[in-house]
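So this block is target.tsv, TSV, C-alpha atoms and all ligand atoms:
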```
chain	number	residue	atom	x	y	z
A	1114	MET	CA	0.00	0.00	0.00
A	1115	SER	CA	1.43	3.40	-0.95
A	1116	LEU	CA	2.02	6.12	1.61
A	1117	GLU	CA	-0.69	8.15	-0.10
A	1118	ASN	CA	-3.30	5.37	0.32
A	1119	ILE	CA	-2.29	4.83	3.91
A	1120	SER	CA	-2.70	8.51	4.74
A	1121	MET	CA	-6.08	8.52	3.00
A	1122	ALA	CA	-7.36	5.55	5.01
A	1123	LYS	CA	-6.32	7.18	8.28
A	1124	LEU	CA	-7.86	10.45	7.19
A	1125	ALA	CA	-11.16	8.76	6.29
A	1126	ILE	CA	-11.46	7.13	9.74
A	1127	ALA	CA	-10.56	10.39	11.52
A	1128	GLY	CA	-12.98	12.26	9.23
A	1129	VAL	CA	-15.91	10.00	10.17
A	1130	PHE	CA	-15.09	10.37	13.88
A	1131	PHE	CA	-14.67	14.11	13.59
A	1132	VAL	CA	-17.97	14.71	11.77
A	1133	THR	CA	-19.87	12.37	14.13
A	1134	PHE	CA	-18.59	13.99	17.33
A	1135	PHE	CA	-18.58	17.54	15.92
A	1136	VAL	CA	-22.30	17.22	15.18
A	1137	ALA	CA	-23.02	15.29	18.42
A	1138	GLU	CA	-21.38	17.90	20.69
A	1139	ARG	CA	-23.49	20.61	19.06
A	1140	LEU	CA	-26.70	18.65	19.59
A	1141	VAL	CA	-26.04	17.00	22.96
A	1142	ASN	CA	-23.32	18.94	24.75
A	1143	ALA	CA	-21.95	18.55	28.26
A	1144	ALA	CA	-20.71	22.14	28.86
A	1145	ASN	CA	-22.34	25.05	27.03
A	1146	GLN	CA	-20.84	25.06	23.53
A	1147	PRO	CA	-19.56	28.61	22.85
A	1148	LYS	CA	-20.17	30.28	19.50
A	1149	ASP	CA	-16.58	31.45	19.17
A	1150	LEU	CA	-15.64	31.75	15.51
A	1151	PRO	CA	-12.12	33.19	16.10
A	1152	ARG	CA	-11.31	30.15	18.26
A	1153	LEU	CA	-12.53	27.76	15.55
A	1154	LEU	CA	-10.43	29.63	12.99
A	1155	ARG	CA	-7.35	29.40	15.24
A	1156	ASN	CA	-7.79	25.66	15.76
A	1157	GLY	CA	-8.64	25.16	12.08
A	1158	GLY	CA	-5.63	27.23	10.98
A	1159	LEU	CA	-3.18	25.18	13.07
A	1160	TRP	CA	-4.73	21.99	11.70
A	1161	LEU	CA	-4.54	23.25	8.10
A	1162	VAL	CA	-0.77	23.74	8.38
A	1163	VAL	CA	-0.36	20.19	9.77
A	1164	PHE	CA	-2.74	18.78	7.14
A	1165	ALA	CA	-0.90	20.53	4.29
A	1166	LEU	CA	2.58	19.51	5.43
A	1167	SER	CA	1.92	16.00	6.84
A	1168	PRO	CA	2.08	14.13	3.50
A	1169	PHE	CA	5.52	15.61	2.93
A	1170	ILE	CA	6.96	15.37	6.45
A	1171	VAL	CA	5.00	13.17	8.87
A	1172	ALA	CA	3.98	10.30	6.55
A	1173	PRO	CA	7.54	9.80	5.16
A	1174	ILE	CA	8.88	9.74	8.74
A	1175	ALA	CA	6.43	6.93	9.63
A	1176	GLY	CA	7.37	5.13	6.40
A	1177	LEU	CA	11.06	5.49	7.17
A	1178	GLY	CA	10.57	4.00	10.61
A	1179	ALA	CA	8.55	1.05	9.41
A	1180	ASN	CA	10.46	0.26	6.22
A	1181	GLU	CA	14.05	1.23	6.82
A	1182	LEU	CA	14.66	0.82	10.52
A	1183	LEU	CA	13.58	-2.77	10.94
A	1184	TRP	CA	15.79	-3.84	13.78
A	1185	ARG	CA	15.63	-7.33	15.20
A	1186	ARG	CA	12.18	-8.11	16.51
A	1187	PRO	CA	12.20	-8.98	20.22
A	1188	GLU	CA	11.97	-12.71	21.00
A	1189	TRP	CA	8.35	-12.60	22.19
A	1190	MET	CA	7.32	-10.94	18.96
A	1191	ASN	CA	9.05	-13.50	16.75
A	1192	GLU	CA	7.22	-15.38	14.03
A	1193	GLY	CA	6.13	-18.05	16.49
A	1194	ALA	CA	4.08	-15.63	18.59
A	1195	PRO	CA	0.34	-15.64	17.80
A	1196	ALA	CA	-0.62	-12.70	15.55
A	1197	ILE	CA	-3.12	-11.44	18.12
A	1198	VAL	CA	-0.38	-11.27	20.81
A	1199	VAL	CA	1.88	-9.28	18.48
A	1200	PHE	CA	-1.03	-7.01	17.49
A	1201	ILE	CA	-2.16	-6.23	21.05
A	1202	GLY	CA	1.43	-6.06	22.35
A	1203	THR	CA	2.37	-3.51	19.69
A	1204	LEU	CA	-0.68	-1.34	20.36
A	1205	LEU	CA	0.01	-1.44	24.11
A	1206	ALA	CA	3.67	-0.54	23.58
A	1207	LEU	CA	2.84	2.40	21.29
A	1208	ASP	CA	0.13	3.66	23.65
A	1209	CYS	CA	2.49	3.41	26.63
A	1210	TRP	CA	5.13	5.30	24.61
A	1211	THR	CA	2.58	8.00	23.78
A	1212	TYR	CA	1.79	8.35	27.50
A	1213	TRP	CA	5.48	8.95	28.38
A	1214	LEU	CA	5.97	11.24	25.39
A	1215	HIS	CA	3.00	13.35	26.52
A	1216	ARG	CA	4.44	13.45	30.05
A	1217	ALA	CA	7.77	14.61	28.59
A	1218	TYR	CA	5.96	17.38	26.68
A	1219	HIS	CA	4.81	18.72	30.04
A	1220	LYS	CA	8.08	18.29	31.91
A	1221	VAL	CA	10.80	19.27	29.39
A	1222	PRO	CA	10.68	23.08	28.97
A	1223	LEU	CA	11.57	23.05	25.26
A	1224	MET	CA	8.88	20.44	24.58
A	1225	TRP	CA	6.30	22.32	26.68
A	1226	ARG	CA	6.98	25.34	24.49
A	1227	LEU	CA	5.41	23.37	21.62
A	1228	HIS	CA	2.72	21.54	23.58
A	1229	GLU	CA	1.59	24.69	25.38
A	1230	ILE	CA	0.03	25.85	22.09
A	1231	HIS	CA	-2.38	22.90	22.31
A	1232	HIS	CA	-3.16	23.76	25.95
A	1233	ARG	CA	-3.78	27.46	25.34
A	1234	ASP	CA	-7.19	26.54	23.90
A	1235	GLU	CA	-9.75	28.04	26.28
A	1236	PHE	CA	-12.50	25.57	25.54
A	1237	LEU	CA	-12.47	21.91	24.57
A	1238	ASP	CA	-14.29	20.23	21.73
A	1239	THR	CA	-13.47	18.05	18.73
A	1240	THR	CA	-11.51	20.89	17.10
A	1241	SER	CA	-9.06	20.89	20.04
A	1242	ALA	CA	-7.93	17.40	18.98
A	1243	PHE	CA	-6.43	18.97	15.84
A	1244	ARG	CA	-4.90	21.98	17.53
A	1245	PHE	CA	-1.20	21.14	17.46
A	1246	HIS	CA	1.75	23.12	16.21
A	1247	ILE	CA	3.42	21.49	13.20
A	1248	PHE	CA	6.71	21.37	15.14
A	1249	GLU	CA	5.09	19.20	17.83
A	1250	VAL	CA	3.58	16.87	15.22
A	1251	VAL	CA	6.96	16.46	13.50
A	1252	LEU	CA	8.83	15.97	16.80
A	1253	SER	CA	6.30	13.33	17.94
A	1254	ALA	CA	6.63	11.48	14.62
A	1255	LEU	CA	10.43	11.55	14.90
A	1256	LEU	CA	10.43	10.33	18.51
A	1257	ARG	CA	7.93	7.60	17.68
A	1258	LEU	CA	10.64	6.15	15.43
A	1259	ILE	CA	12.27	4.82	18.60
A	1260	PRO	CA	9.54	2.28	19.56
A	1261	ILE	CA	8.80	1.62	15.87
A	1262	ALA	CA	12.42	0.73	15.25
A	1263	LEU	CA	12.92	-1.17	18.52
A	1264	LEU	CA	9.84	-3.34	17.98
A	1265	ALA	CA	10.09	-3.43	14.17
A	1266	VAL	CA	6.50	-2.25	13.91
A	1267	PRO	CA	5.09	-2.82	10.41
A	1268	LEU	CA	3.81	0.29	8.63
A	1269	GLN	CA	0.24	-1.04	8.69
A	1270	MET	CA	0.40	-1.26	12.47
A	1271	VAL	CA	1.69	2.30	12.73
A	1272	ILE	CA	-1.29	3.48	10.71
A	1273	ILE	CA	-3.79	1.41	12.69
A	1274	PHE	CA	-2.33	2.92	15.87
A	1275	GLU	CA	-2.39	6.47	14.48
A	1276	ALA	CA	-6.00	6.08	13.33
A	1277	LEU	CA	-6.90	4.74	16.78
A	1278	LEU	CA	-5.01	7.57	18.49
A	1279	LEU	CA	-6.68	10.25	16.37
A	1280	SER	CA	-10.16	8.77	16.87
A	1281	THR	CA	-9.69	8.56	20.64
A	1282	ALA	CA	-8.26	12.09	20.74
A	1283	ILE	CA	-11.37	13.40	18.93
A	1284	PHE	CA	-13.54	11.54	21.44
A	1285	HIS	CA	-11.72	12.58	24.65
A	1286	HIS	CA	-11.45	16.25	23.65
A	1287	SER	CA	-15.10	16.37	22.61
A	1288	ASN	CA	-17.85	18.15	24.48
A	1289	VAL	CA	-20.39	15.42	23.89
A	1290	ARG	CA	-22.66	14.53	26.79
A	1291	LEU	CA	-22.62	10.86	27.65
A	1292	PRO	CA	-24.85	9.04	30.14
A	1293	LYS	CA	-22.95	9.16	33.47
A	1294	GLY	CA	-22.89	5.38	33.91
A	1295	LEU	CA	-21.54	4.85	30.40
A	1296	GLU	CA	-18.81	7.48	30.81
A	1297	THR	CA	-17.75	6.11	34.22
A	1298	GLY	CA	-17.63	2.57	32.84
A	1299	LEU	CA	-15.70	3.62	29.73
A	1300	SER	CA	-13.24	5.69	31.78
A	1301	ARG	CA	-11.99	2.54	33.50
A	1302	ILE	CA	-10.73	1.32	30.12
A	1303	ILE	CA	-10.23	4.27	27.77
A	1304	VAL	CA	-9.62	8.00	28.18
A	1305	THR	CA	-12.98	9.77	28.19
A	1306	PRO	CA	-13.81	13.51	28.10
A	1307	SER	CA	-14.30	13.39	31.91
A	1308	ILE	CA	-10.62	12.36	32.27
A	1309	HIS	CA	-9.07	14.52	29.57
A	1310	TRP	CA	-10.95	17.72	30.43
A	1311	VAL	CA	-9.22	17.65	33.82
A	1312	HIS	CA	-5.87	17.56	31.98
A	1313	HIS	CA	-6.91	20.82	30.26
A	1314	HIS	CA	-8.07	22.47	33.50
A	1315	ALA	CA	-6.24	25.83	33.85
A	1316	ARG	CA	-4.70	24.71	37.12
A	1317	LYS	CA	-1.08	23.51	36.89
A	1318	GLN	CA	-1.63	20.58	39.25
A	1319	ASP	CA	-4.37	19.17	37.01
A	1320	THR	CA	-2.60	20.04	33.73
A	1321	ASP	CA	0.34	17.96	34.97
A	1322	SER	CA	-1.81	14.83	35.32
A	1323	ASN	CA	-4.01	12.51	33.22
A	1324	TYR	CA	-1.52	12.13	30.36
A	1325	ALA	CA	-2.93	8.90	28.88
A	1326	ALA	CA	-4.12	8.92	25.28
A	1327	ILE	CA	-6.02	5.71	24.50
A	1328	LEU	CA	-6.02	3.42	27.56
A	1329	SER	CA	-6.64	5.12	30.90
A	1330	VAL	CA	-4.63	2.52	32.82
A	1331	TRP	CA	-1.25	4.27	32.31
A	1332	ASP	CA	-2.07	7.18	34.65
A	1333	ARG	CA	-3.18	4.78	37.39
A	1334	LEU	CA	-0.12	2.59	36.82
A	1335	PHE	CA	2.42	5.40	36.80
A	1336	GLY	CA	0.82	7.55	39.52
A	1337	SER	CA	-0.32	10.51	37.43
A	1338	ALA	CA	-4.11	10.13	37.69
A	1339	SER	CA	-5.67	13.36	38.98
A	1340	PRO	CA	-7.97	13.07	41.99
A	1341	SER	CA	-9.99	16.02	40.55
A	1342	ALA	CA	-13.32	15.38	38.89
A	1343	ARG	CA	-14.42	17.27	35.79
A	1344	ILE	CA	-16.61	20.25	36.54
A	1345	LEU	CA	-18.48	21.48	33.50
A	1346	ASP	CA	-17.69	25.18	33.96
A	1347	MET	CA	-14.06	24.63	34.99
A	1348	LYS	CA	-11.62	27.09	33.41
A	1349	ILE	CA	-9.87	25.50	30.45
A	1350	GLY	CA	-6.40	26.61	29.30
A	1351	VAL	CA	-3.00	27.30	30.83
A	1352	GLU	CA	-2.92	28.80	34.32
A	1353	GLY	CA	-2.01	32.50	34.23
A	1354	VAL	CA	-1.84	32.98	30.45
A	1355	GLU	CA	-4.32	33.59	27.64
A	1356	ASP	CA	-4.82	32.24	24.16
A	1357	GLN	CA	-3.13	34.07	21.27
A	1358	SER	CA	-3.87	34.88	17.64
A	1359	LEU	CA	-3.13	32.21	15.03
A	1360	LEU	CA	-0.03	34.07	13.85
A	1361	ARG	CA	1.35	34.40	17.37
A	1362	LEU	CA	0.63	30.73	18.06
A	1363	MET	CA	2.51	29.76	14.90
A	1364	LEU	CA	5.49	31.90	15.88
A	1365	MET	CA	5.38	31.08	19.60
A	1366	PRO	CA	8.06	28.31	19.53
A	1367	LEU	CA	10.46	30.71	17.83
A	1368	MET	CA	9.85	33.70	20.07
A	1369	ARG	CA	12.22	34.64	22.84
A	1370	ARG	CA	10.71	34.09	26.28
A	1371	ARG	CA	10.89	36.46	29.17
A	1372	PRO	CA	13.02	34.80	31.88
A	1401	ZN	ZN	-1.02	17.88	27.53
```
Show me, as structure tokens, the structure contained in the file I just sent.
Amino acid sequence: MSLENISMAKLAIAGVFFVTFFVAERLVNAANQPKDLPRLLRNGGLWLVVFALSPFIVAPIAGLGANELLWRRPEWMNEGAPAIVVFIGTLLALDCWTYWLHRAYHKVPLMWRLHEIHHRDEFLDTTSAFRFHIFEVVLSALLRLIPIALLAVPLQMVIIFEALLLSTAIFHHSNVRLPKGLETGLSRIIVTPSIHWVHHHARKQDTDSNYAAILSVWDRLFGSASPSARILDMKIGVEGVEDQSLLRLMLMPLMRRRP
């Protein structure tokens, strides 16, 4: 399968998820959905840059990892292992990697400089799932080469994982209202809006918690689960700072910071 087809398949899955949850959160929302066009344009603008450049930068990086860096597969993943074990093991490994990468984005100042742009969003909905600076997307793709190379992850698996990651990100950023029992049940297995909204709470203690992307178990396992519960009118964003214009957000990683 060509890189172009692979990107299209991932895009189609993410597109279906996005449209479904974008409509759902406007019909059945948890918090009051603001009519904030400038915010939508900011999130859309950041996404457009990533969308336009991904086929030329991000997809070839994934291809390079899967096709060129095939190191020796670990023993347990050798041909003898049942396909389902390899499949689940790879997804778990990539999800666990994504958890630690996200944690690093919060703890390493140079990485936070990129990730902060995602957190400056002052509301959360499906569009927030696409609000990432192109530098962060490229850095994440480059760093993901490490587990891809170490585990010799086939390109198809990388795409399945990325499609899964994108779909879950759309879901856990969304403002859709779910029946309480369903959300509580789901949150024991996967990251739900009730978990991820706390991560976007404009309170440093909460922002530095709930890092998991797909499975919620990583925060409980590695001691980063927030004890806070989501409150629908909680302030979203970064404590002490405000959102910026699209141009400023684009330039933010390059701008000199006040000490
Ligand atoms: Zn974060």
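Each of A:Arg1244, A:Lys1317, A:Arg1369, A:Arg1257 was checked against Val1354 in chain A using all atoms listed in the file; the smallest atom-to-atom distance is that of A:Lys1317.
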With all atoms listed in the file as the basis for distance, which of A:Pro1292, A:Pro1147, A:Ala1265, A:Val1304 is at the shortest distance from Gly1176 in chain A? A:Ala1265
Give the residues close to ligand ZN 1401 (chain A), within 8 Å, counting all atoms listed in the file; write them as a PyMOL selection string. chain A and resi 1215-1216+1218-1219+1228-1229+1231-1232+1312-1313+1320-1321+1324
Would you mind listing, for every residue of range 1274-1311 of chain A within 10 Å of range 1203-1207 of chain A, the two atoms forming the shortest contact and the distance between them in Å to one decimal, using only C-alpha atoms, sorted by chain and ascending residue number, as a tab-separated table?
```
residue	atom	partner	partner_atom	distance
A:Phe1274	CA	A:Leu1204	CA	6.4
A:Glu1275	CA	A:Leu1207	CA	9.5
A:Leu1277	CA	A:Leu1204	CA	9.4
A:Leu1278	CA	A:Leu1207	CA	9.8
```
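Reported to one decimal place, the separation of CA of Leu1237 in chain A from CA of Ala1125 in chain A is 22.6 Å.
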Please list as a ChimeraX atom specification every residue within 9 Å of Met1347 in chain A, counting all atoms listed in the file and excluding residues in the same chain fewer than 6 positions away. /A:1310-1311,1314-1315
Expected residue set, 12 Å radius at (2.8, 26.1, 10.8), all atoms listed in the file, as a PyMOL selection string: chain A and resi 1155-1167+1227+1230+1244-1251+1359-1367
Report, as lines of an AutoDock Vina configuration file, the centre and edge lengths in Å (one decimal) of the axis-aligned box enclosing every listed atom of range 1202-1212 of chain A, padded by 5 Å on each side.
```
center_x = 2.2
center_y = 1.1
center_z = 23.6
size_x = 15.8
size_y = 24.4
size_z = 17.8
```
Could you name the residues that touch His1309 in chain A at 12 Å or less, counting only C-alpha atoms, but leaving out those on the same chain fewer than 5 positions away, as a short mmCIF file (atom, residue, chain, number, x, y, z; two decimals) with C-alpha atoms, in the frame of the given file?
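Just written: out_7.cif:
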```
data_model
loop_
_atom_site.label_atom_id
_atom_site.label_comp_id
_atom_site.auth_asym_id
_atom_site.auth_seq_id
_atom_site.Cartn_x
_atom_site.Cartn_y
_atom_site.Cartn_z
CA HIS A 1232 -3.16 23.76 25.95
CA LEU A 1237 -12.47 21.91 24.57
CA ASP A 1238 -14.29 20.23 21.73
CA SER A 1241 -9.06 20.89 20.04
CA ALA A 1242 -7.93 17.40 18.98
CA THR A 1281 -9.69 8.56 20.64
CA ALA A 1282 -8.26 12.09 20.74
CA ILE A 1283 -11.37 13.40 18.93
CA PHE A 1284 -13.54 11.54 21.44
CA HIS A 1285 -11.72 12.58 24.65
CA HIS A 1286 -11.45 16.25 23.65
CA SER A 1287 -15.10 16.37 22.61
CA ASN A 1288 -17.85 18.15 24.48
CA SER A 1300 -13.24 5.69 31.78
CA ILE A 1303 -10.23 4.27 27.77
CA VAL A 1304 -9.62 8.00 28.18
CA HIS A 1314 -8.07 22.47 33.50
CA ASP A 1319 -4.37 19.17 37.01
CA THR A 1320 -2.60 20.04 33.73
CA ASP A 1321 0.34 17.96 34.97
CA SER A 1322 -1.81 14.83 35.32
CA ASN A 1323 -4.01 12.51 33.22
CA TYR A 1324 -1.52 12.13 30.36
CA ALA A 1325 -2.93 8.90 28.88
CA ALA A 1326 -4.12 8.92 25.28
CA ILE A 1327 -6.02 5.71 24.50
CA LEU A 1328 -6.02 3.42 27.56
CA SER A 1329 -6.64 5.12 30.90
CA ASP A 1332 -2.07 7.18 34.65
CA ALA A 1338 -4.11 10.13 37.69
CA SER A 1339 -5.67 13.36 38.98
CA SER A 1341 -9.99 16.02 40.55
CA ALA A 1342 -13.32 15.38 38.89
CA ARG A 1343 -14.42 17.27 35.79
CA ILE A 1344 -16.61 20.25 36.54
CA ILE A 1349 -9.87 25.50 30.45
#
```
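The nearest approach to Val1330 in chain A among the residues A:Asp1208, A:Glu1352, A:Glu1138, A:Asp1149, with only C-alpha atoms taken into account, belongs to A:Asp1208.
With distances taken over all atoms listed in the file, A:Gly1353 is the one residue among A:Leu1153, A:Leu1252, A:Gly1353, A:Arg1333 lying closest to Arg1316 in chain A.
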Counting only C-alpha atoms, write as a VMD selection string all protein and nucleic acid residues lying at most 8 Å from (10.4, 12.9, 12.4) in the file's frame. chain A and resid 1170 to 1171 1174 to 1175 1251 to 1258
